[in-house]
$ cat work08.pdb   # PDB, C-alpha atoms
ATOM      1  CA  MET P  72     -96.619  87.408  -2.403
ATOM      2  CA  ASN P  73     -98.543  84.778  -0.475
ATOM      3  CA  LYS P  74     -98.383  82.460  -3.454
ATOM      4  CA  LYS P  75     -94.584  82.771  -3.649
ATOM      5  CA  LEU P  76     -94.317  82.112   0.074
ATOM      6  CA  LEU P  77     -96.482  79.004  -0.240
ATOM      7  CA  ILE P  78     -94.380  77.659  -3.077
ATOM      8  CA  GLY P  79     -91.218  78.256  -1.052
ATOM      9  CA  LEU P  80     -92.626  76.450   1.967
ATOM     10  CA  LEU P  81     -93.642  73.475  -0.168
ATOM     11  CA  ALA P  82     -90.174  73.278  -1.700
ATOM     12  CA  LEU P  83     -88.603  73.323   1.761
ATOM     13  CA  ILE P  84     -90.902  70.559   2.974
ATOM     14  CA  VAL P  85     -90.077  68.382  -0.066
ATOM     15  CA  SER P  86     -86.362  68.947   0.504
ATOM     16  CA  LEU P  87     -86.576  68.014   4.168
ATOM     17  CA  LEU P  88     -88.581  64.883   3.371
ATOM     18  CA  GLY P  89     -85.950  63.877   0.812
ATOM     19  CA  CYS P  90     -83.149  64.229   3.334
ATOM     20  CA  SER P  91     -85.121  62.271   5.885
ATOM     21  CA  SER P  92     -85.770  59.519   3.369
ATOM     22  CA  GLU P  93     -82.083  59.293   2.434
ATOM     23  CA  ASN P  94     -81.015  59.162   6.084
ATOM     24  CA  SER P  95     -83.604  56.513   6.779
ATOM     25  CA  GLY P  96     -82.419  54.520   3.790
ATOM     26  CA  ASP P  97     -78.801  54.668   4.960
ATOM     27  CA  GLY P  98     -79.786  53.534   8.433
ATOM     28  CA  SER P  99     -81.932  50.719   7.082
ATOM     29  CA  SER P 100     -79.129  49.537   4.798
ATOM     30  CA  ALA P 101     -76.680  49.496   7.698
ATOM     31  CA  ASP P 102     -79.078  47.482   9.819
ATOM     32  CA  ASN P 103     -79.677  44.970   7.021
ATOM     33  CA  SER P 104     -75.938  44.471   6.550
ATOM     34  CA  GLU P 105     -75.620  43.024  10.063
ATOM     35  CA  VAL P 106     -75.916  39.239  10.162
ATOM     36  CA  ASP P 107     -78.148  37.866  12.904
ATOM     37  CA  TYR P 108     -76.330  34.574  13.379
ATOM     38  CA  PRO P 109     -77.020  32.337  15.070
ATOM     39  CA  SER P 110     -80.684  33.277  15.342
ATOM     40  CA  LYS P 111     -81.700  29.749  16.416
ATOM     41  CA  ASN P 112     -80.132  26.520  17.650
ATOM     42  CA  ILE P 113     -77.193  25.067  15.696
ATOM     43  CA  GLU P 114     -77.357  21.357  14.856
ATOM     44  CA  ILE P 115     -74.241  19.344  13.974
ATOM     45  CA  VAL P 116     -75.024  16.155  12.062
ATOM     46  CA  VAL P 117     -72.570  13.263  12.477
ATOM     47  CA  PRO P 118     -72.989  10.552   9.787
ATOM     48  CA  TRP P 119     -71.695   7.805  12.093
ATOM     49  CA  SER P 120     -72.748   6.144  15.328
ATOM     50  CA  ALA P 121     -72.248   7.560  18.794
ATOM     51  CA  GLY P 122     -69.035   6.786  20.651
ATOM     52  CA  GLY P 123     -66.537   6.938  17.793
ATOM     53  CA  SER P 124     -63.863   9.577  17.304
ATOM     54  CA  SER P 125     -66.086  11.653  15.001
ATOM     55  CA  ASP P 126     -68.915  11.708  17.512
ATOM     56  CA  GLN P 127     -66.562  12.567  20.375
ATOM     57  CA  THR P 128     -64.959  15.390  18.405
ATOM     58  CA  ALA P 129     -68.312  16.828  17.341
ATOM     59  CA  ARG P 130     -69.578  16.851  20.924
ATOM     60  CA  ALA P 131     -66.415  18.486  22.253
ATOM     61  CA  LEU P 132     -66.675  21.139  19.547
ATOM     62  CA  ALA P 133     -70.399  21.669  20.175
ATOM     63  CA  GLU P 134     -69.722  22.244  23.863
ATOM     64  CA  ALA P 135     -67.000  24.792  23.081
ATOM     65  CA  MET P 136     -69.232  26.557  20.537
ATOM     66  CA  GLY P 137     -72.088  26.639  23.034
ATOM     67  CA  GLU P 138     -69.935  28.744  25.353
ATOM     68  CA  LEU P 139     -69.669  31.427  22.649
ATOM     69  CA  VAL P 140     -73.256  31.819  21.455
ATOM     70  CA  ASP P 141     -76.660  32.383  23.020
ATOM     71  CA  GLN P 142     -78.163  29.366  21.254
ATOM     72  CA  ASN P 143     -77.903  25.643  21.929
ATOM     73  CA  VAL P 144     -75.436  23.646  19.840
ATOM     74  CA  THR P 145     -76.502  20.008  19.567
ATOM     75  CA  VAL P 146     -75.150  16.857  17.910
ATOM     76  CA  VAL P 147     -77.339  14.374  16.014
ATOM     77  CA  ASN P 148     -76.086  10.962  14.818
ATOM     78  CA  ARG P 149     -77.508   9.710  11.510
ATOM     79  CA  GLU P 150     -75.387   6.720  10.591
ATOM     80  CA  GLY P 151     -75.662   4.573   7.501
ATOM     81  CA  ALA P 152     -73.803   3.408   4.370
ATOM     82  CA  GLY P 153     -70.400   4.783   5.275
ATOM     83  CA  GLY P 154     -71.659   8.306   5.841
ATOM     84  CA  THR P 155     -73.576   8.607   2.573
ATOM     85  CA  VAL P 156     -77.091   8.419   4.053
ATOM     86  CA  ALA P 157     -76.738  11.558   6.181
ATOM     87  CA  THR P 158     -74.685  13.353   3.523
ATOM     88  CA  THR P 159     -77.334  12.690   0.857
ATOM     89  CA  GLU P 160     -80.114  13.817   3.169
ATOM     90  CA  PHE P 161     -78.204  16.956   4.070
ATOM     91  CA  ALA P 162     -77.450  17.821   0.437
ATOM     92  CA  THR P 163     -81.048  17.400  -0.733
ATOM     93  CA  GLN P 164     -82.708  19.228   2.172
ATOM     94  CA  GLN P 165     -80.696  22.418   1.548
ATOM     95  CA  PRO P 166     -80.696  23.701   5.133
ATOM     96  CA  ASP P 167     -79.147  27.006   6.165
ATOM     97  CA  ALA P 168     -75.974  27.593   8.187
ATOM     98  CA  HIS P 169     -77.750  26.607  11.407
ATOM     99  CA  GLN P 170     -77.448  23.009  10.219
ATOM    100  CA  VAL P 171     -73.888  21.780   9.907
ATOM    101  CA  ILE P 172     -72.564  18.381   8.869
ATOM    102  CA  PHE P 173     -69.410  16.853  10.326
ATOM    103  CA  ASN P 174     -67.799  14.862   7.535
ATOM    104  CA  ALA P 175     -64.706  12.931   6.471
ATOM    105  CA  VAL P 176     -62.625  12.722   3.333
ATOM    106  CA  GLY P 177     -63.757   9.247   2.241
ATOM    107  CA  VAL P 178     -67.409  10.246   1.910
ATOM    108  CA  PHE P 179     -66.394  12.464  -1.018
ATOM    109  CA  THR P 180     -63.308  10.677  -2.381
ATOM    110  CA  THR P 181     -64.079   6.956  -2.154
ATOM    111  CA  GLN P 182     -67.835   6.441  -1.850
ATOM    112  CA  PRO P 183     -68.693   8.082  -5.213
ATOM    113  CA  HIS P 184     -66.402   5.530  -6.905
ATOM    114  CA  LEU P 185     -67.955   2.582  -5.093
ATOM    115  CA  GLN P 186     -71.651   3.371  -5.459
ATOM    116  CA  GLU P 187     -74.055   5.805  -7.028
ATOM    117  CA  VAL P 188     -74.472   8.772  -4.684
ATOM    118  CA  GLN P 189     -76.869  11.694  -4.867
ATOM    119  CA  TYR P 190     -74.448  14.388  -3.757
ATOM    120  CA  SER P 191     -71.143  16.014  -4.655
ATOM    121  CA  ILE P 192     -68.882  18.545  -2.993
ATOM    122  CA  ASP P 193     -70.575  21.180  -5.166
ATOM    123  CA  ASP P 194     -73.681  20.816  -2.973
ATOM    124  CA  PHE P 195     -71.792  22.213   0.018
ATOM    125  CA  LYS P 196     -69.789  25.139   1.326
ATOM    126  CA  ALA P 197     -66.820  24.245   3.506
ATOM    127  CA  VAL P 198     -66.438  25.863   6.911
ATOM    128  CA  SER P 199     -63.246  24.649   8.558
ATOM    129  CA  GLY P 200     -60.892  21.701   8.882
ATOM    130  CA  LEU P 201     -61.121  19.805  12.173
ATOM    131  CA  THR P 202     -58.850  16.818  12.725
ATOM    132  CA  TYR P 203     -56.244  14.605  11.093
ATOM    133  CA  GLU P 204     -56.264  10.970  12.164
ATOM    134  CA  PRO P 205     -53.885   8.190  11.119
ATOM    135  CA  ILE P 206     -55.353   4.743  10.481
ATOM    136  CA  VAL P 207     -53.872   1.829  12.416
ATOM    137  CA  LEU P 208     -54.281  -1.934  12.195
ATOM    138  CA  VAL P 209     -55.235  -3.556  15.492
ATOM    139  CA  VAL P 210     -55.767  -7.066  16.888
ATOM    140  CA  ASN P 211     -56.794  -8.553  20.211
ATOM    141  CA  ALA P 212     -54.011  -8.796  22.761
ATOM    142  CA  ASP P 213     -54.295 -12.602  22.728
ATOM    143  CA  SER P 214     -54.003 -12.788  18.936
ATOM    144  CA  GLU P 215     -51.431 -15.136  17.443
ATOM    145  CA  TRP P 216     -50.028 -12.144  15.523
ATOM    146  CA  GLU P 217     -47.554 -10.445  17.822
ATOM    147  CA  THR P 218     -46.126  -8.187  15.100
ATOM    148  CA  LEU P 219     -46.939  -6.973  11.621
ATOM    149  CA  ASP P 220     -44.373  -9.438  10.271
ATOM    150  CA  ASP P 221     -46.345 -12.291  11.857
ATOM    151  CA  LEU P 222     -49.450 -11.181   9.994
ATOM    152  CA  ILE P 223     -47.613 -10.671   6.705
ATOM    153  CA  GLU P 224     -46.392 -14.269   6.876
ATOM    154  CA  ASN P 225     -49.982 -15.480   7.372
ATOM    155  CA  THR P 226     -51.046 -16.622   3.910
ATOM    156  CA  ASP P 227     -52.552 -20.021   4.693
ATOM    157  CA  GLN P 228     -55.797 -19.028   6.407
ATOM    158  CA  ARG P 229     -58.740 -16.786   5.661
ATOM    159  CA  ILE P 230     -59.276 -13.966   8.155
ATOM    160  CA  SER P 231     -62.066 -11.462   8.775
ATOM    161  CA  TYR P 232     -61.481  -7.743   9.199
ATOM    162  CA  ALA P 233     -63.739  -5.037  10.598
ATOM    163  CA  HIS P 234     -64.061  -1.368   9.716
ATOM    164  CA  SER P 235     -66.391   1.605  10.158
ATOM    165  CA  GLY P 236     -68.147   1.374   6.789
ATOM    166  CA  ALA P 237     -67.795  -0.184   3.357
ATOM    167  CA  GLY P 238     -65.629   1.929   1.086
ATOM    168  CA  GLY P 239     -64.279   4.114   3.858
ATOM    169  CA  LEU P 240     -60.535   4.602   4.127
ATOM    170  CA  PRO P 241     -60.153   2.088   7.014
ATOM    171  CA  ASP P 242     -61.802  -0.477   4.731
ATOM    172  CA  LEU P 243     -59.688   0.415   1.685
ATOM    173  CA  ALA P 244     -56.473   0.545   3.698
ATOM    174  CA  GLN P 245     -56.987  -3.008   4.931
ATOM    175  CA  ALA P 246     -58.203  -4.294   1.559
ATOM    176  CA  SER P 247     -55.156  -2.808  -0.134
ATOM    177  CA  PHE P 248     -52.814  -4.394   2.407
ATOM    178  CA  PHE P 249     -54.373  -7.854   2.201
ATOM    179  CA  ASP P 250     -54.358  -7.673  -1.585
ATOM    180  CA  GLN P 251     -50.672  -6.731  -1.735
ATOM    181  CA  ALA P 252     -49.729  -9.277   0.934
ATOM    182  CA  GLY P 253     -51.639 -12.100  -0.767
ATOM    183  CA  ILE P 254     -53.789 -12.738   2.303
ATOM    184  CA  GLU P 255     -57.339 -13.986   1.809
ATOM    185  CA  ALA P 256     -59.601 -11.784   3.920
ATOM    186  CA  GLU P 257     -63.304 -11.108   4.361
ATOM    187  CA  SER P 258     -64.560  -7.548   4.886
ATOM    188  CA  VAL P 259     -67.100  -6.977   7.673
ATOM    189  CA  ALA P 260     -68.663  -3.493   7.739
ATOM    190  CA  TYR P 261     -70.111  -1.806  10.824
ATOM    191  CA  GLU P 262     -71.940   1.481  11.238
ATOM    192  CA  GLY P 263     -69.070   3.361  12.793
ATOM    193  CA  GLN P 264     -65.712   2.644  14.382
ATOM    194  CA  ASN P 265     -67.045   1.993  17.864
ATOM    195  CA  PRO P 266     -69.198  -1.008  16.801
ATOM    196  CA  ALA P 267     -66.278  -2.336  14.723
ATOM    197  CA  ILE P 268     -63.914  -2.245  17.694
ATOM    198  CA  THR P 269     -66.578  -3.761  19.930
ATOM    199  CA  ALA P 270     -66.816  -6.644  17.461
ATOM    200  CA  LEU P 271     -63.039  -7.091  17.595
ATOM    201  CA  LEU P 272     -63.005  -7.035  21.399
ATOM    202  CA  GLY P 273     -65.780  -9.631  21.394
ATOM    203  CA  GLY P 274     -63.859 -11.948  19.096
ATOM    204  CA  HIS P 275     -66.355 -11.689  16.230
ATOM    205  CA  VAL P 276     -63.617 -10.642  13.773
ATOM    206  CA  ASP P 277     -59.889 -11.287  13.633
ATOM    207  CA  ILE P 278     -58.585  -7.800  12.954
ATOM    208  CA  ALA P 279     -59.739  -4.209  12.483
ATOM    209  CA  ALA P 280     -58.585  -0.771  11.430
ATOM    210  CA  GLY P 281     -59.429   2.469  13.142
ATOM    211  CA  HIS P 282     -58.133   5.702  14.599
ATOM    212  CA  PRO P 283     -55.941   5.931  17.712
ATOM    213  CA  GLY P 284     -58.381   8.320  19.386
ATOM    214  CA  SER P 285     -60.878   5.518  20.017
ATOM    215  CA  LEU P 286     -58.341   2.720  20.343
ATOM    216  CA  MET P 287     -55.700   3.909  22.778
ATOM    217  CA  GLN P 288     -57.835   3.252  25.861
ATOM    218  CA  HIS P 289     -58.041  -0.422  24.851
ATOM    219  CA  VAL P 290     -54.357  -0.547  23.972
ATOM    220  CA  GLU P 291     -53.389   0.999  27.309
ATOM    221  CA  SER P 292     -55.686  -1.413  29.164
ATOM    222  CA  GLY P 293     -53.929  -4.335  27.491
ATOM    223  CA  ASP P 294     -56.980  -5.561  25.533
ATOM    224  CA  LEU P 295     -55.762  -4.612  22.048
ATOM    225  CA  ARG P 296     -52.444  -4.460  20.236
ATOM    226  CA  ILE P 297     -51.603  -2.179  17.309
ATOM    227  CA  LEU P 298     -49.555  -3.843  14.564
ATOM    228  CA  GLY P 299     -49.006  -1.104  11.987
ATOM    229  CA  VAL P 300     -49.754   2.423  10.819
ATOM    230  CA  PHE P 301     -51.123   3.157   7.338
ATOM    231  CA  SER P 302     -49.678   6.685   7.251
ATOM    232  CA  PRO P 303     -46.179   7.241   5.806
ATOM    233  CA  GLU P 304     -44.853   8.359   9.201
ATOM    234  CA  ARG P 305     -44.952   6.574  12.543
ATOM    235  CA  PHE P 306     -47.554   7.684  15.069
ATOM    236  CA  GLU P 307     -45.981   9.898  17.731
ATOM    237  CA  ASP P 308     -47.662   8.094  20.627
ATOM    238  CA  LEU P 309     -46.604   4.673  19.259
ATOM    239  CA  PRO P 310     -43.008   5.211  18.160
ATOM    240  CA  ASP P 311     -42.238   1.483  18.076
ATOM    241  CA  VAL P 312     -45.116   0.571  15.741
ATOM    242  CA  PRO P 313     -43.941   0.373  12.107
ATOM    243  CA  THR P 314     -45.642   1.820   9.054
ATOM    244  CA  PHE P 315     -46.785  -0.388   6.188
ATOM    245  CA  GLU P 316     -44.535   1.620   3.916
ATOM    246  CA  GLU P 317     -41.548   0.499   5.978
ATOM    247  CA  LYS P 318     -42.569  -3.096   5.316
ATOM    248  CA  GLY P 319     -42.616  -2.547   1.566
ATOM    249  CA  PHE P 320     -46.319  -1.865   0.979
ATOM    250  CA  ASP P 321     -47.499   0.979  -1.223
ATOM    251  CA  ILE P 322     -50.189   2.270   1.136
ATOM    252  CA  ASP P 323     -50.638   5.863   2.307
ATOM    253  CA  MET P 324     -54.030   6.499   3.862
ATOM    254  CA  SER P 325     -55.233   8.710   6.667
ATOM    255  CA  VAL P 326     -58.496  10.413   7.512
ATOM    256  CA  TRP P 327     -59.095  14.130   7.873
ATOM    257  CA  LYS P 328     -62.384  15.635   8.931
ATOM    258  CA  PHE P 329     -64.153  18.952   8.467
ATOM    259  CA  LEU P 330     -67.410  20.887   8.715
ATOM    260  CA  LEU P 331     -69.735  21.660   5.808
ATOM    261  CA  VAL P 332     -72.977  23.548   5.314
ATOM    262  CA  SER P 333     -75.427  23.645   2.445
ATOM    263  CA  GLN P 334     -74.493  25.523  -0.713
ATOM    264  CA  GLU P 335     -77.716  27.458  -0.046
ATOM    265  CA  ALA P 336     -76.330  29.011   3.153
ATOM    266  CA  SER P 337     -75.440  32.674   2.794
ATOM    267  CA  ASP P 338     -71.774  33.671   2.650
ATOM    268  CA  GLU P 339     -72.363  36.062   5.554
ATOM    269  CA  GLU P 340     -73.697  33.285   7.813
ATOM    270  CA  VAL P 341     -70.894  30.928   6.777
ATOM    271  CA  GLU P 342     -68.349  33.585   7.696
ATOM    272  CA  GLU P 343     -69.936  34.076  11.126
ATOM    273  CA  LEU P 344     -70.083  30.300  11.672
ATOM    274  CA  THR P 345     -66.433  29.952  10.667
ATOM    275  CA  ASN P 346     -65.422  32.604  13.183
ATOM    276  CA  ILE P 347     -67.348  30.823  15.941
ATOM    277  CA  VAL P 348     -65.844  27.423  15.082
ATOM    278  CA  GLU P 349     -62.294  28.759  14.926
ATOM    279  CA  GLU P 350     -62.658  30.510  18.278
ATOM    280  CA  ALA P 351     -64.153  27.368  19.806
ATOM    281  CA  MET P 352     -61.229  25.269  18.575
ATOM    282  CA  GLU P 353     -58.802  27.628  20.273
ATOM    283  CA  SER P 354     -60.452  27.131  23.665
ATOM    284  CA  GLU P 355     -58.475  25.399  26.377
ATOM    285  CA  GLU P 356     -61.196  22.779  26.871
ATOM    286  CA  TYR P 357     -61.241  21.767  23.206
ATOM    287  CA  GLN P 358     -57.457  21.645  22.983
ATOM    288  CA  ASP P 359     -57.395  19.445  26.094
ATOM    289  CA  PHE P 360     -59.870  17.120  24.393
ATOM    290  CA  LEU P 361     -57.637  16.817  21.324
ATOM    291  CA  ASP P 362     -54.664  15.928  23.513
ATOM    292  CA  THR P 363     -56.603  13.355  25.512
ATOM    293  CA  ALA P 364     -58.126  11.807  22.372
ATOM    294  CA  ASN P 365     -54.788  11.637  20.534
ATOM    295  CA  LEU P 366     -56.102  13.834  17.722
ATOM    296  CA  THR P 367     -54.216  16.346  15.594
ATOM    297  CA  GLN P 368     -55.948  19.546  14.573
ATOM    298  CA  GLU P 369     -56.257  19.971  10.800
ATOM    299  CA  GLU P 370     -55.733  23.672  10.200
ATOM    300  CA  ILE P 371     -57.065  24.262   6.696
ATOM    301  CA  THR P 372     -59.541  26.793   5.338
ATOM    302  CA  GLY P 373     -62.829  26.128   3.610
ATOM    303  CA  GLU P 374     -61.275  26.867   0.234
ATOM    304  CA  GLU P 375     -58.428  24.430   0.913
ATOM    305  CA  ILE P 376     -60.916  21.739   1.949
ATOM    306  CA  ILE P 377     -62.670  21.900  -1.421
ATOM    307  CA  GLU P 378     -59.357  21.872  -3.275
ATOM    308  CA  GLN P 379     -58.006  18.844  -1.376
ATOM    309  CA  LEU P 380     -61.240  16.887  -1.753
ATOM    310  CA  ASN P 381     -61.189  17.373  -5.512
ATOM    311  CA  GLU P 382     -57.550  16.252  -5.690
ATOM    312  CA  GLN P 383     -58.004  13.194  -3.493
ATOM    313  CA  ASN P 384     -61.198  12.248  -5.296
ATOM    314  CA  ILE P 385     -59.016  11.575  -8.335
ATOM    315  CA  GLU P 386     -56.243   9.852  -6.347
ATOM    316  CA  HIS P 387     -58.543   7.543  -4.389
ATOM    317  CA  GLY P 388     -60.588   6.808  -7.498
ATOM    318  CA  GLU P 389     -57.468   5.496  -9.213
ATOM    319  CA  ILE P 390     -56.693   3.241  -6.225
ATOM    320  CA  ILE P 391     -60.229   1.863  -6.193
ATOM    321  CA  GLU P 392     -60.129   1.193  -9.925
ATOM    322  CA  GLU P 393     -56.772  -0.596  -9.606
ATOM    323  CA  MET P 394     -58.283  -2.803  -6.909
ATOM    324  CA  GLY P 395     -61.240  -3.607  -9.182
ATOM    325  CA  LEU P 396     -63.767  -2.134  -6.725
ATOM    326  CA  SER P 397     -65.180   0.759  -8.779
ATOM    327  CA  ASN P 398     -68.893   0.772  -9.583
TER     328      ASN P 398
END

$ encode --input "work08.pdb" --output "structure tokens"
Amino acid sequence: MNKKLLIGLLALIVSLLGCSSENSGDGSSADNSEVDYPSKNIEIVVPWSAGGSSDQTARALAEAMGELVDQNVTVVNREGAGGTVATTEFATQQPDAHQVIFNAVGVFTTQPHLQEVQYSIDDFKAVSGLTYEPIVLVVNADSEWETLDDLIENTDQRISYAHSGAGGLPDLAQASFFDQAGIEAESVAYEGQNPAITALLGGHVDIAAGHPGSLMQHVESGDLRILGVFSPERFEDLPDVPTFEEKGFDIDMSVWKFLLVSQEASDEEVEELTNIVEEAMESEEYQDFLDTANLTQEEITGEEIIEQLNEQNIEHGEIIEEMGLSN
């Protein structure tokens, strides 16, 4: 009788331990499914110099994100070679979703056709679209070219033009125009739009291309004059400035920007980061920044970013090959 009782007690103990183990397992699994993000500071890498539209946008976004998380959100500028230096470094280091890179279309659609690069879009996961920026052609206010027609008629002198990096869309847009117009022009590359515009203001180059966000303050002050827009539609804030398409040139170029993380980042962290970024972009402060900077929000998903980059990689590659610039 005692033996049977002992066996029964042992069976009960084993059963209770089994239930406890299962409950503990369920609880542990639930805890592990929660993503602790961000668990440290978030760093946004900008592949261009401070002061340009990319840098300004990244800092406005970082400030808005910082209001939503308990970690610091900082911006680091790592300029060089039209954005390829920072992008290569980012791709090879394989950081997690606490390191984010602010990037632009040309780094993935023009640079690989102009030089050997050590990265591709397959090295990254896309987070969210950020901004859409038309490219405009600008001269000093005291320039002899009052209008785009004046410049088009200039075929008897060699001019110099500035841009934010060799092979970037501002560079290709100008090169394409000068080629089609039969104007002899020398390309002068700078590490970012801000240095390029500074060179124009200082009279070191004759003309430049850039984005309205960083140019309008100089236009409104009377120091610069915008001659034309490289997008197919006129810029809303400059309704009297013609497009190159209107003047008979086959040029359609604009820049859109986005956030990427390493392909090694977990899907769960990327999802949390995306939610934070999207909420930050909806904030009143960030929207006010976009309005003040003359920027248009590019509302596309991570999946759409990858799809568009692959499509434009082919399109821009064909343009570069036609211009005889491919590597």

$ residues_around --input "work08.pdb" --residues "P:Glu317" --least-positions-apart "4" --cutoff "10 Å" --atoms "all atoms listed in the file" --output "ChimeraX atom specification"
/P:299-300,303-305,313,321

$ resolve_selection --input "work08.pdb" --expression "the PyMOL selection byres ((chain P and resi 201) around 10)" --output "list in words"
Ser125, Thr128, Ala129, Leu132, Phe173, Asn174, Ala175, Val198, Ser199, Gly200, Thr202, Tyr203, Trp327, Lys328, Phe329, Leu330, Val348, Glu349, Met352, Leu366, Thr367, Gln368, Glu369, Glu370, Ile371 and Thr372 of chain P

$ atom_distance --input "work08.pdb" --atom1 "atom CA of P:Asp220" --atom2 "atom CA of P:Phe249"
12.9 Å

$ residues_near_point --input "work08.pdb" --point "(-67.1, -3.1, -5.5)" --cutoff "10 Å" --atoms "only C-alpha atoms" --output "list in words"
His184, Leu185, Gln186, Ala237, Gly238, Ile391, Glu392, Met394, Gly395, Leu396, Ser397 and Asn398 of chain P

$ residues_around --input "work08.pdb" --residues "stretch 264-267 of chain P" --least-positions-apart "5" --cutoff "9 Å" --atoms "only C-alpha atoms" --output "VMD selection string"
chain P and resid 119 to 124 233 to 236 259 272 276 279 to 282 285

$ closest_residue --input "work08.pdb" --among "P:Glu386, P:Glu316, P:Glu335, P:Glu375" --to "P:Phe195" --atoms "only C-alpha atoms"
P:Glu335

$ closest_residue --input "work08.pdb" --among "P:Ile206, P:Leu240, P:Ile390, P:Leu219" --to "P:Gly153" --atoms "all atoms listed in the file"
P:Leu240

$ build_atoms --input "work08.pdb" --residues "stretch 262-275 of chain P" --atoms "N, CA and C atoms" --output "short mmCIF file (atom, residue, chain, number, x, y, z; two decimals), in the frame of the given file"
data_model
loop_
_atom_site.label_atom_id
_atom_site.label_comp_id
_atom_site.auth_asym_id
_atom_site.auth_seq_id
_atom_site.Cartn_x
_atom_site.Cartn_y
_atom_site.Cartn_z
N GLU P 262 -71.50 0.09 11.34
CA GLU P 262 -71.94 1.48 11.24
C GLU P 262 -71.17 2.35 12.22
N GLY P 263 -69.90 2.53 11.94
CA GLY P 263 -69.07 3.36 12.79
C GLY P 263 -67.92 2.57 13.38
N GLN P 264 -66.90 3.30 13.85
CA GLN P 264 -65.71 2.64 14.38
C GLN P 264 -65.99 1.96 15.71
N ASN P 265 -66.79 2.57 16.55
CA ASN P 265 -67.04 1.99 17.86
C ASN P 265 -67.64 0.59 17.77
N PRO P 266 -68.68 0.35 16.94
CA PRO P 266 -69.20 -1.01 16.80
C PRO P 266 -68.16 -1.98 16.22
N ALA P 267 -67.31 -1.48 15.31
CA ALA P 267 -66.28 -2.34 14.72
C ALA P 267 -65.28 -2.80 15.78
N ILE P 268 -64.87 -1.88 16.65
CA ILE P 268 -63.91 -2.24 17.69
C ILE P 268 -64.57 -3.14 18.74
N THR P 269 -65.84 -2.90 19.00
CA THR P 269 -66.58 -3.76 19.93
C THR P 269 -66.62 -5.18 19.40
N ALA P 270 -66.81 -5.32 18.09
CA ALA P 270 -66.82 -6.64 17.46
C ALA P 270 -65.46 -7.32 17.59
N LEU P 271 -64.39 -6.54 17.44
CA LEU P 271 -63.04 -7.09 17.60
C LEU P 271 -62.80 -7.54 19.03
N LEU P 272 -63.19 -6.69 19.98
CA LEU P 272 -63.00 -7.04 21.40
C LEU P 272 -63.80 -8.29 21.76
N GLY P 273 -64.94 -8.47 21.10
CA GLY P 273 -65.78 -9.63 21.39
C GLY P 273 -65.37 -10.88 20.66
N GLY P 274 -64.33 -10.78 19.82
CA GLY P 274 -63.86 -11.95 19.10
C GLY P 274 -64.68 -12.31 17.88
N HIS P 275 -65.52 -11.41 17.40
CA HIS P 275 -66.36 -11.69 16.23
C HIS P 275 -65.60 -11.53 14.92
#
